[in-house]
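Next up, data-v9.txt (compact mmCIF, C-alpha atoms):
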```txt
# COMPACT_ATOMS: atom_id res chain seq x y z
CA MET A 128 -2.34 -5.71 -13.41
CA ALA A 129 -1.80 -3.53 -16.41
CA ASN A 130 -5.46 -2.53 -16.59
CA GLN A 131 -5.71 -1.53 -12.93
CA THR A 132 -7.34 1.89 -12.67
CA PRO A 133 -6.59 4.33 -9.86
CA ASP A 134 -10.23 4.12 -8.71
CA ASP A 135 -9.86 0.37 -8.19
CA LEU A 136 -6.81 1.05 -6.07
CA SER A 137 -8.34 3.80 -3.93
CA PRO A 138 -9.51 1.56 -1.06
CA LEU A 139 -6.11 -0.14 -0.95
CA PHE A 140 -4.14 3.11 -0.95
CA ALA A 141 -6.53 4.59 1.61
CA ALA A 142 -5.86 1.61 3.85
CA LEU A 143 -2.11 2.03 3.40
CA ALA A 144 -2.20 5.77 3.99
CA ASP A 145 -2.21 5.59 7.78
CA PRO A 146 0.94 4.75 9.80
CA THR A 147 -1.08 2.72 12.31
CA ARG A 148 -2.46 0.50 9.55
CA ARG A 149 0.99 0.11 7.99
CA ALA A 150 2.32 -0.94 11.41
CA VAL A 151 -0.45 -3.54 11.66
CA ILE A 152 0.51 -4.92 8.23
CA LYS A 153 4.15 -5.10 9.29
CA ALA A 154 3.23 -6.88 12.52
CA LEU A 155 1.09 -9.39 10.63
CA SER A 156 3.88 -10.12 8.14
CA SER A 157 5.35 -12.54 10.69
CA GLY A 158 2.04 -14.34 11.21
CA PRO A 159 -1.52 -14.01 12.52
CA ARG A 160 -2.05 -11.98 15.70
CA PRO A 161 -4.98 -11.35 18.01
CA VAL A 162 -6.42 -7.85 17.76
CA SER A 163 -5.66 -7.26 21.43
CA HIS A 164 -1.97 -8.03 20.82
CA LEU A 165 -1.84 -5.69 17.82
CA ALA A 166 -3.62 -2.92 19.74
CA GLU A 167 -1.06 -3.00 22.58
CA ALA A 168 1.52 -1.33 20.34
CA HIS A 169 -0.70 1.71 19.74
CA ASP A 170 -1.67 4.47 22.12
CA MET A 171 -5.41 4.57 21.40
CA ALA A 172 -8.66 3.18 22.69
CA LEU A 173 -9.63 -0.26 21.40
CA PRO A 174 -12.74 1.05 19.54
CA SER A 175 -10.50 3.50 17.64
CA PHE A 176 -8.02 0.74 16.84
CA LEU A 177 -10.84 -1.50 15.60
CA LYS A 178 -11.69 1.16 13.00
CA HIS A 179 -8.20 0.68 11.56
CA ILE A 180 -8.70 -3.08 11.51
CA ASP A 181 -12.04 -2.62 9.76
CA LYS A 182 -10.51 -0.37 7.09
CA LEU A 183 -7.77 -2.92 6.38
CA GLU A 184 -10.33 -5.71 6.23
CA ARG A 185 -12.62 -3.78 3.84
CA ALA A 186 -9.63 -3.16 1.56
CA GLY A 187 -8.93 -6.90 1.52
CA VAL A 188 -5.49 -6.55 3.09
CA ILE A 189 -6.39 -8.58 6.17
CA ALA A 190 -9.05 -11.03 7.26
CA THR A 191 -10.24 -11.57 10.80
CA GLN A 192 -11.52 -14.71 12.43
CA LYS A 193 -13.31 -14.81 15.76
CA THR A 194 -12.86 -17.83 18.00
CA GLY A 195 -14.67 -17.41 21.27
CA ARG A 196 -13.75 -13.96 22.54
CA VAL A 197 -10.52 -13.71 20.54
CA ARG A 198 -10.49 -11.97 17.17
CA THR A 199 -7.39 -12.92 15.17
CA CYS A 200 -6.08 -11.01 12.15
CA HIS A 201 -4.45 -12.69 9.15
CA LEU A 202 -2.54 -10.85 6.43
CA HIS A 203 -3.50 -11.29 2.78
CA ALA A 204 -0.14 -10.22 1.34
CA ASP A 205 -1.34 -10.90 -2.21
CA ALA A 206 -3.86 -8.08 -1.76
CA LEU A 207 -0.92 -5.65 -1.97
CA ALA A 208 0.06 -6.89 -5.45
CA PRO A 209 -2.24 -4.52 -7.38
CA ALA A 210 -0.60 -1.51 -5.69
CA GLN A 211 2.84 -2.96 -6.37
CA ASP A 212 1.95 -3.55 -10.02
CA TRP A 213 0.55 -0.04 -10.43
CA LEU A 214 3.63 1.54 -8.83
CA ALA A 215 5.96 -0.51 -11.04
CA GLN A 216 4.02 0.54 -14.14
CA GLU A 217 4.16 4.20 -13.11
CA ALA A 218 7.89 3.97 -12.35
CA LYS A 219 8.52 2.48 -15.80
CA GLN A 220 6.51 5.21 -17.53
CA TRP A 221 8.33 7.95 -15.63
CA GLY A 222 11.69 6.27 -16.26
CA ASP A 223 10.94 6.08 -19.98
CA ALA A 224 9.85 9.74 -20.05
CA LEU A 225 12.99 10.83 -18.23
CA ASP A 226 15.13 8.79 -20.64
CA ARG A 227 13.46 10.53 -23.59
CA LEU A 228 14.00 13.93 -21.95
CA SER A 229 17.65 13.13 -21.32
CA ALA A 230 18.13 12.06 -24.94
CA HIS A 231 16.44 15.24 -26.14
CA LEU A 232 18.61 17.43 -23.91
CA ASP A 233 21.72 15.61 -25.12
CA ALA A 234 20.68 16.25 -28.73
CA VAL A 235 20.08 19.94 -28.01
CA GLU A 236 23.49 20.18 -26.34
CA GLN A 237 25.12 18.53 -29.38
CA GLU A 238 23.40 21.01 -31.72
CA LYS A 239 24.80 23.90 -29.68
CA LYS A 240 28.34 22.57 -30.16
CA ILE A 241 27.99 22.44 -33.94
```
Could you rewrite the structure in this file as structure tokens?
Amino acid sequence: MANQTPDDLSPLFAALADPTRRAVIKALSSGPRPVSHLAEAHDMALPSFLKHIDKLERAGVIATQKTGRVRTCHLHADALAPAQDWLAQEAKQWGDALDRLSAHLDAVEQEKKI
């Protein structure tokens, strides 16, 4: 997404900023999991853990589905694509800038030798 603005990405990066939420994403990469199963890996009360789930869901990274008393989380891996695209674009811009700087420094060095 070449036209992606940082403000559009803020909820996504905010969701990715916490290690607990990143661990949830990693756990869901192998398939859907019940919230209770995901929560077991974290030393916190369930209401606190549910706030992490809510933040991921509001950012569009996961979706939850309730069946009876079980709430299951599903990963929307494609929701991470805008962040990936933005990071790739930034890396290219910085790479290009560093290449120009290197060329300039090489030219300055060559002028000193003359």
Given all atoms listed in the file as the basis, pick out the residue of A:Ala208, A:Ala150, A:Ile241, A:Leu202 nearest to His179 in chain A.
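Counting all atoms listed in the file, the residue closest to His179 in chain A is A:Ala150.
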Would you pick out the contacts of range 160-162 of chain A at 10 Å or less, using all atoms listed in the file, so that residues sharing its chain but fewer than 2 positions from it are not included, and give the list as a tab-separated table (two decimals) with C-alpha atoms, in the coordinates of the input?
```tsv
chain	number	residue	atom	x	y	z
A	151	VAL	CA	-0.45	-3.54	11.66
A	154	ALA	CA	3.23	-6.88	12.52
A	155	LEU	CA	1.09	-9.39	10.63
A	156	SER	CA	3.88	-10.12	8.14
A	157	SER	CA	5.35	-12.54	10.69
A	158	GLY	CA	2.04	-14.34	11.21
A	164	HIS	CA	-1.97	-8.03	20.82
A	165	LEU	CA	-1.84	-5.69	17.82
A	166	ALA	CA	-3.62	-2.92	19.74
A	167	GLU	CA	-1.06	-3.00	22.58
A	173	LEU	CA	-9.63	-0.26	21.40
A	176	PHE	CA	-8.02	0.74	16.84
A	177	LEU	CA	-10.84	-1.50	15.60
A	180	ILE	CA	-8.70	-3.08	11.51
A	191	THR	CA	-10.24	-11.57	10.80
A	192	GLN	CA	-11.52	-14.71	12.43
A	193	LYS	CA	-13.31	-14.81	15.76
A	197	VAL	CA	-10.52	-13.71	20.54
A	198	ARG	CA	-10.49	-11.97	17.17
A	199	THR	CA	-7.39	-12.92	15.17
A	200	CYS	CA	-6.08	-11.01	12.15
A	201	HIS	CA	-4.45	-12.69	9.15
A	202	LEU	CA	-2.54	-10.85	6.43
```
Between A:Ser163, A:Gln237, A:Phe140, A:Ser175, which one has atoms that come closest to Arg196 in chain A, using all atoms listed in the file?
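Among A:Ser163, A:Gln237, A:Phe140, A:Ser175, it is A:Ser163 that comes nearest to Arg196 in chain A.
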Tell me, in Å to one decimal, how far CA of Leu136 in chain A is from CA of Pro209 in chain A.
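Spanning CA of Leu136 in chain A to CA of Pro209 in chain A is a straight-line distance of 7.3 Å.
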Residue with smallest distance to Ala204 in chain A - pool A:Ile189, A:Ala218, A:Ala142, A:Val235, counting all atoms listed in the file:
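So, comparing all the options, the nearest one is A:Ile189.
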Tell me which of A:Asp226, A:Asp145, A:Glu238, A:Asp212 sits closest to Leu183 in chain A, counting only C-alpha atoms.
A:Asp145
As an exercise, work out the distance from CA of Ala168 in chain A to CA of Ala190 in chain A in Å and give it to one decimal place.
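About the pair CA of Ala168 in chain A and CA of Ala190 in chain A: they are 19.4 Å apart.
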Ranking A:Thr147, A:Arg227, A:Leu232, A:Ala210 by minimum distance to Met171 in chain A and counting only C-alpha atoms, which one comes first?
A:Thr147
With a distance cut-off of 12 Å and all atoms listed in the file, select the neighbouring residues of Ala144 in chain A, excluding the residue or stretch itself and same-chain residues fewer than 5 positions from it, and output the selection as a PDB file with C-alpha atoms, keeping the file's coordinate frame.
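Output file around.pdb is given in full below:
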```pdb
ATOM      1  CA  SER A 137      -8.340   3.800  -3.930  1.00  0.00           C
ATOM      2  CA  PRO A 138      -9.510   1.560  -1.060  1.00  0.00           C
ATOM      3  CA  LEU A 139      -6.110  -0.140  -0.950  1.00  0.00           C
ATOM      4  CA  ARG A 149       0.990   0.110   7.990  1.00  0.00           C
ATOM      5  CA  ALA A 150       2.320  -0.940  11.410  1.00  0.00           C
ATOM      6  CA  ILE A 152       0.510  -4.920   8.230  1.00  0.00           C
ATOM      7  CA  HIS A 179      -8.200   0.680  11.560  1.00  0.00           C
ATOM      8  CA  LYS A 182     -10.510  -0.370   7.090  1.00  0.00           C
ATOM      9  CA  LEU A 183      -7.770  -2.920   6.380  1.00  0.00           C
ATOM     10  CA  ALA A 186      -9.630  -3.160   1.560  1.00  0.00           C
TER      11      ALA A 186
END
```
Assuming the input is short of atoms at range 164-199 of chain A, produce N, CA and C atoms for that part as a PDB file, in the frame of the given file.
```
ATOM      1  N   HIS A 164      -3.431  -8.088  20.888  1.00  0.00           N
ATOM      2  CA  HIS A 164      -1.970  -8.030  20.820  1.00  0.00           C
ATOM      3  C   HIS A 164      -1.524  -6.896  19.893  1.00  0.00           C
ATOM      4  N   LEU A 165      -2.180  -6.754  18.761  1.00  0.00           N
ATOM      5  CA  LEU A 165      -1.840  -5.690  17.820  1.00  0.00           C
ATOM      6  C   LEU A 165      -2.117  -4.314  18.427  1.00  0.00           C
ATOM      7  N   ALA A 166      -3.214  -4.211  19.165  1.00  0.00           N
ATOM      8  CA  ALA A 166      -3.620  -2.920  19.740  1.00  0.00           C
ATOM      9  C   ALA A 166      -2.648  -2.445  20.814  1.00  0.00           C
ATOM     10  N   GLU A 167      -1.978  -3.368  21.501  1.00  0.00           N
ATOM     11  CA  GLU A 167      -1.060  -3.000  22.580  1.00  0.00           C
ATOM     12  C   GLU A 167       0.034  -2.045  22.114  1.00  0.00           C
ATOM     13  N   ALA A 168       0.429  -2.138  20.868  1.00  0.00           N
ATOM     14  CA  ALA A 168       1.520  -1.330  20.340  1.00  0.00           C
ATOM     15  C   ALA A 168       1.097   0.099  19.993  1.00  0.00           C
ATOM     16  N   HIS A 169      -0.187   0.406  20.167  1.00  0.00           N
ATOM     17  CA  HIS A 169      -0.700   1.710  19.740  1.00  0.00           C
ATOM     18  C   HIS A 169      -1.406   2.404  20.895  1.00  0.00           C
ATOM     19  N   ASP A 170      -1.117   3.682  21.037  1.00  0.00           N
ATOM     20  CA  ASP A 170      -1.670   4.470  22.120  1.00  0.00           C
ATOM     21  C   ASP A 170      -3.045   5.029  21.717  1.00  0.00           C
ATOM     22  N   MET A 171      -4.035   4.143  21.723  1.00  0.00           N
ATOM     23  CA  MET A 171      -5.410   4.570  21.400  1.00  0.00           C
ATOM     24  C   MET A 171      -6.386   3.579  22.020  1.00  0.00           C
ATOM     25  N   ALA A 172      -7.602   4.034  22.150  1.00  0.00           N
ATOM     26  CA  ALA A 172      -8.660   3.180  22.690  1.00  0.00           C
ATOM     27  C   ALA A 172      -8.948   2.041  21.710  1.00  0.00           C
ATOM     28  N   LEU A 173      -9.357   0.909  22.233  1.00  0.00           N
ATOM     29  CA  LEU A 173      -9.630  -0.260  21.400  1.00  0.00           C
ATOM     30  C   LEU A 173     -10.683   0.037  20.324  1.00  0.00           C
ATOM     31  N   PRO A 174     -11.788   0.755  20.619  1.00  0.00           N
ATOM     32  CA  PRO A 174     -12.740   1.050  19.540  1.00  0.00           C
ATOM     33  C   PRO A 174     -12.104   1.836  18.387  1.00  0.00           C
ATOM     34  N   SER A 175     -11.202   2.749  18.698  1.00  0.00           N
ATOM     35  CA  SER A 175     -10.500   3.500  17.640  1.00  0.00           C
ATOM     36  C   SER A 175      -9.596   2.579  16.840  1.00  0.00           C
ATOM     37  N   PHE A 176      -8.906   1.681  17.529  1.00  0.00           N
ATOM     38  CA  PHE A 176      -8.020   0.740  16.840  1.00  0.00           C
ATOM     39  C   PHE A 176      -8.829  -0.191  15.942  1.00  0.00           C
ATOM     40  N   LEU A 177      -9.998  -0.602  16.400  1.00  0.00           N
ATOM     41  CA  LEU A 177     -10.840  -1.500  15.600  1.00  0.00           C
ATOM     42  C   LEU A 177     -11.277  -0.850  14.288  1.00  0.00           C
ATOM     43  N   LYS A 178     -11.369   0.467  14.256  1.00  0.00           N
ATOM     44  CA  LYS A 178     -11.690   1.160  13.000  1.00  0.00           C
ATOM     45  C   LYS A 178     -10.567   0.961  11.988  1.00  0.00           C
ATOM     46  N   HIS A 179      -9.331   0.941  12.456  1.00  0.00           N
ATOM     47  CA  HIS A 179      -8.200   0.680  11.560  1.00  0.00           C
ATOM     48  C   HIS A 179      -8.256  -0.750  11.041  1.00  0.00           C
ATOM     49  N   ILE A 180      -8.574  -1.683  11.919  1.00  0.00           N
ATOM     50  CA  ILE A 180      -8.700  -3.080  11.510  1.00  0.00           C
ATOM     51  C   ILE A 180      -9.799  -3.222  10.468  1.00  0.00           C
ATOM     52  N   ASP A 181     -10.918  -2.559  10.692  1.00  0.00           N
ATOM     53  CA  ASP A 181     -12.040  -2.620   9.760  1.00  0.00           C
ATOM     54  C   ASP A 181     -11.647  -2.070   8.383  1.00  0.00           C
ATOM     55  N   LYS A 182     -10.915  -0.962   8.373  1.00  0.00           N
ATOM     56  CA  LYS A 182     -10.510  -0.370   7.090  1.00  0.00           C
ATOM     57  C   LYS A 182      -9.580  -1.317   6.329  1.00  0.00           C
ATOM     58  N   LEU A 183      -8.654  -1.946   7.031  1.00  0.00           N
ATOM     59  CA  LEU A 183      -7.770  -2.920   6.380  1.00  0.00           C
ATOM     60  C   LEU A 183      -8.547  -4.125   5.861  1.00  0.00           C
ATOM     61  N   GLU A 184      -9.528  -4.543   6.631  1.00  0.00           N
ATOM     62  CA  GLU A 184     -10.330  -5.710   6.230  1.00  0.00           C
ATOM     63  C   GLU A 184     -11.189  -5.366   5.010  1.00  0.00           C
ATOM     64  N   ARG A 185     -11.794  -4.182   4.991  1.00  0.00           N
ATOM     65  CA  ARG A 185     -12.620  -3.780   3.840  1.00  0.00           C
ATOM     66  C   ARG A 185     -11.791  -3.626   2.573  1.00  0.00           C
ATOM     67  N   ALA A 186     -10.514  -3.270   2.724  1.00  0.00           N
ATOM     68  CA  ALA A 186      -9.630  -3.160   1.560  1.00  0.00           C
ATOM     69  C   ALA A 186      -9.094  -4.506   1.109  1.00  0.00           C
ATOM     70  N   GLY A 187      -9.368  -5.560   1.877  1.00  0.00           N
ATOM     71  CA  GLY A 187      -8.930  -6.900   1.520  1.00  0.00           C
ATOM     72  C   GLY A 187      -7.497  -7.215   1.914  1.00  0.00           C
ATOM     73  N   VAL A 188      -6.880  -6.346   2.695  1.00  0.00           N
ATOM     74  CA  VAL A 188      -5.490  -6.550   3.090  1.00  0.00           C
ATOM     75  C   VAL A 188      -5.381  -7.583   4.213  1.00  0.00           C
ATOM     76  N   ILE A 189      -6.374  -7.604   5.079  1.00  0.00           N
ATOM     77  CA  ILE A 189      -6.390  -8.580   6.170  1.00  0.00           C
ATOM     78  C   ILE A 189      -7.750  -9.255   6.226  1.00  0.00           C
ATOM     79  N   ALA A 190      -7.795 -10.353   6.938  1.00  0.00           N
ATOM     80  CA  ALA A 190      -9.050 -11.030   7.260  1.00  0.00           C
ATOM     81  C   ALA A 190      -9.013 -11.283   8.765  1.00  0.00           C
ATOM     82  N   THR A 191     -10.176 -11.265   9.374  1.00  0.00           N
ATOM     83  CA  THR A 191     -10.240 -11.570  10.800  1.00  0.00           C
ATOM     84  C   THR A 191     -11.102 -12.800  11.008  1.00  0.00           C
ATOM     85  N   GLN A 192     -10.778 -13.508  12.071  1.00  0.00           N
ATOM     86  CA  GLN A 192     -11.520 -14.710  12.430  1.00  0.00           C
ATOM     87  C   GLN A 192     -11.750 -14.650  13.931  1.00  0.00           C
ATOM     88  N   LYS A 193     -12.982 -14.851  14.340  1.00  0.00           N
ATOM     89  CA  LYS A 193     -13.310 -14.810  15.760  1.00  0.00           C
ATOM     90  C   LYS A 193     -13.492 -16.233  16.274  1.00  0.00           C
ATOM     91  N   THR A 194     -12.743 -16.544  17.320  1.00  0.00           N
ATOM     92  CA  THR A 194     -12.860 -17.830  18.000  1.00  0.00           C
ATOM     93  C   THR A 194     -13.108 -17.527  19.465  1.00  0.00           C
ATOM     94  N   GLY A 195     -14.308 -17.784  19.898  1.00  0.00           N
ATOM     95  CA  GLY A 195     -14.670 -17.410  21.270  1.00  0.00           C
ATOM     96  C   GLY A 195     -14.652 -15.903  21.395  1.00  0.00           C
ATOM     97  N   ARG A 196     -13.840 -15.405  22.335  1.00  0.00           N
ATOM     98  CA  ARG A 196     -13.750 -13.960  22.540  1.00  0.00           C
ATOM     99  C   ARG A 196     -12.530 -13.348  21.857  1.00  0.00           C
ATOM    100  N   VAL A 197     -11.760 -14.178  21.166  1.00  0.00           N
ATOM    101  CA  VAL A 197     -10.520 -13.710  20.540  1.00  0.00           C
ATOM    102  C   VAL A 197     -10.730 -13.504  19.046  1.00  0.00           C
ATOM    103  N   ARG A 198     -10.418 -12.302  18.599  1.00  0.00           N
ATOM    104  CA  ARG A 198     -10.490 -11.970  17.170  1.00  0.00           C
ATOM    105  C   ARG A 198      -9.056 -11.920  16.653  1.00  0.00           C
ATOM    106  N   THR A 199      -8.749 -12.792  15.699  1.00  0.00           N
ATOM    107  CA  THR A 199      -7.390 -12.920  15.170  1.00  0.00           C
ATOM    108  C   THR A 199      -7.338 -12.353  13.750  1.00  0.00           C
TER     109      THR A 199
END
```
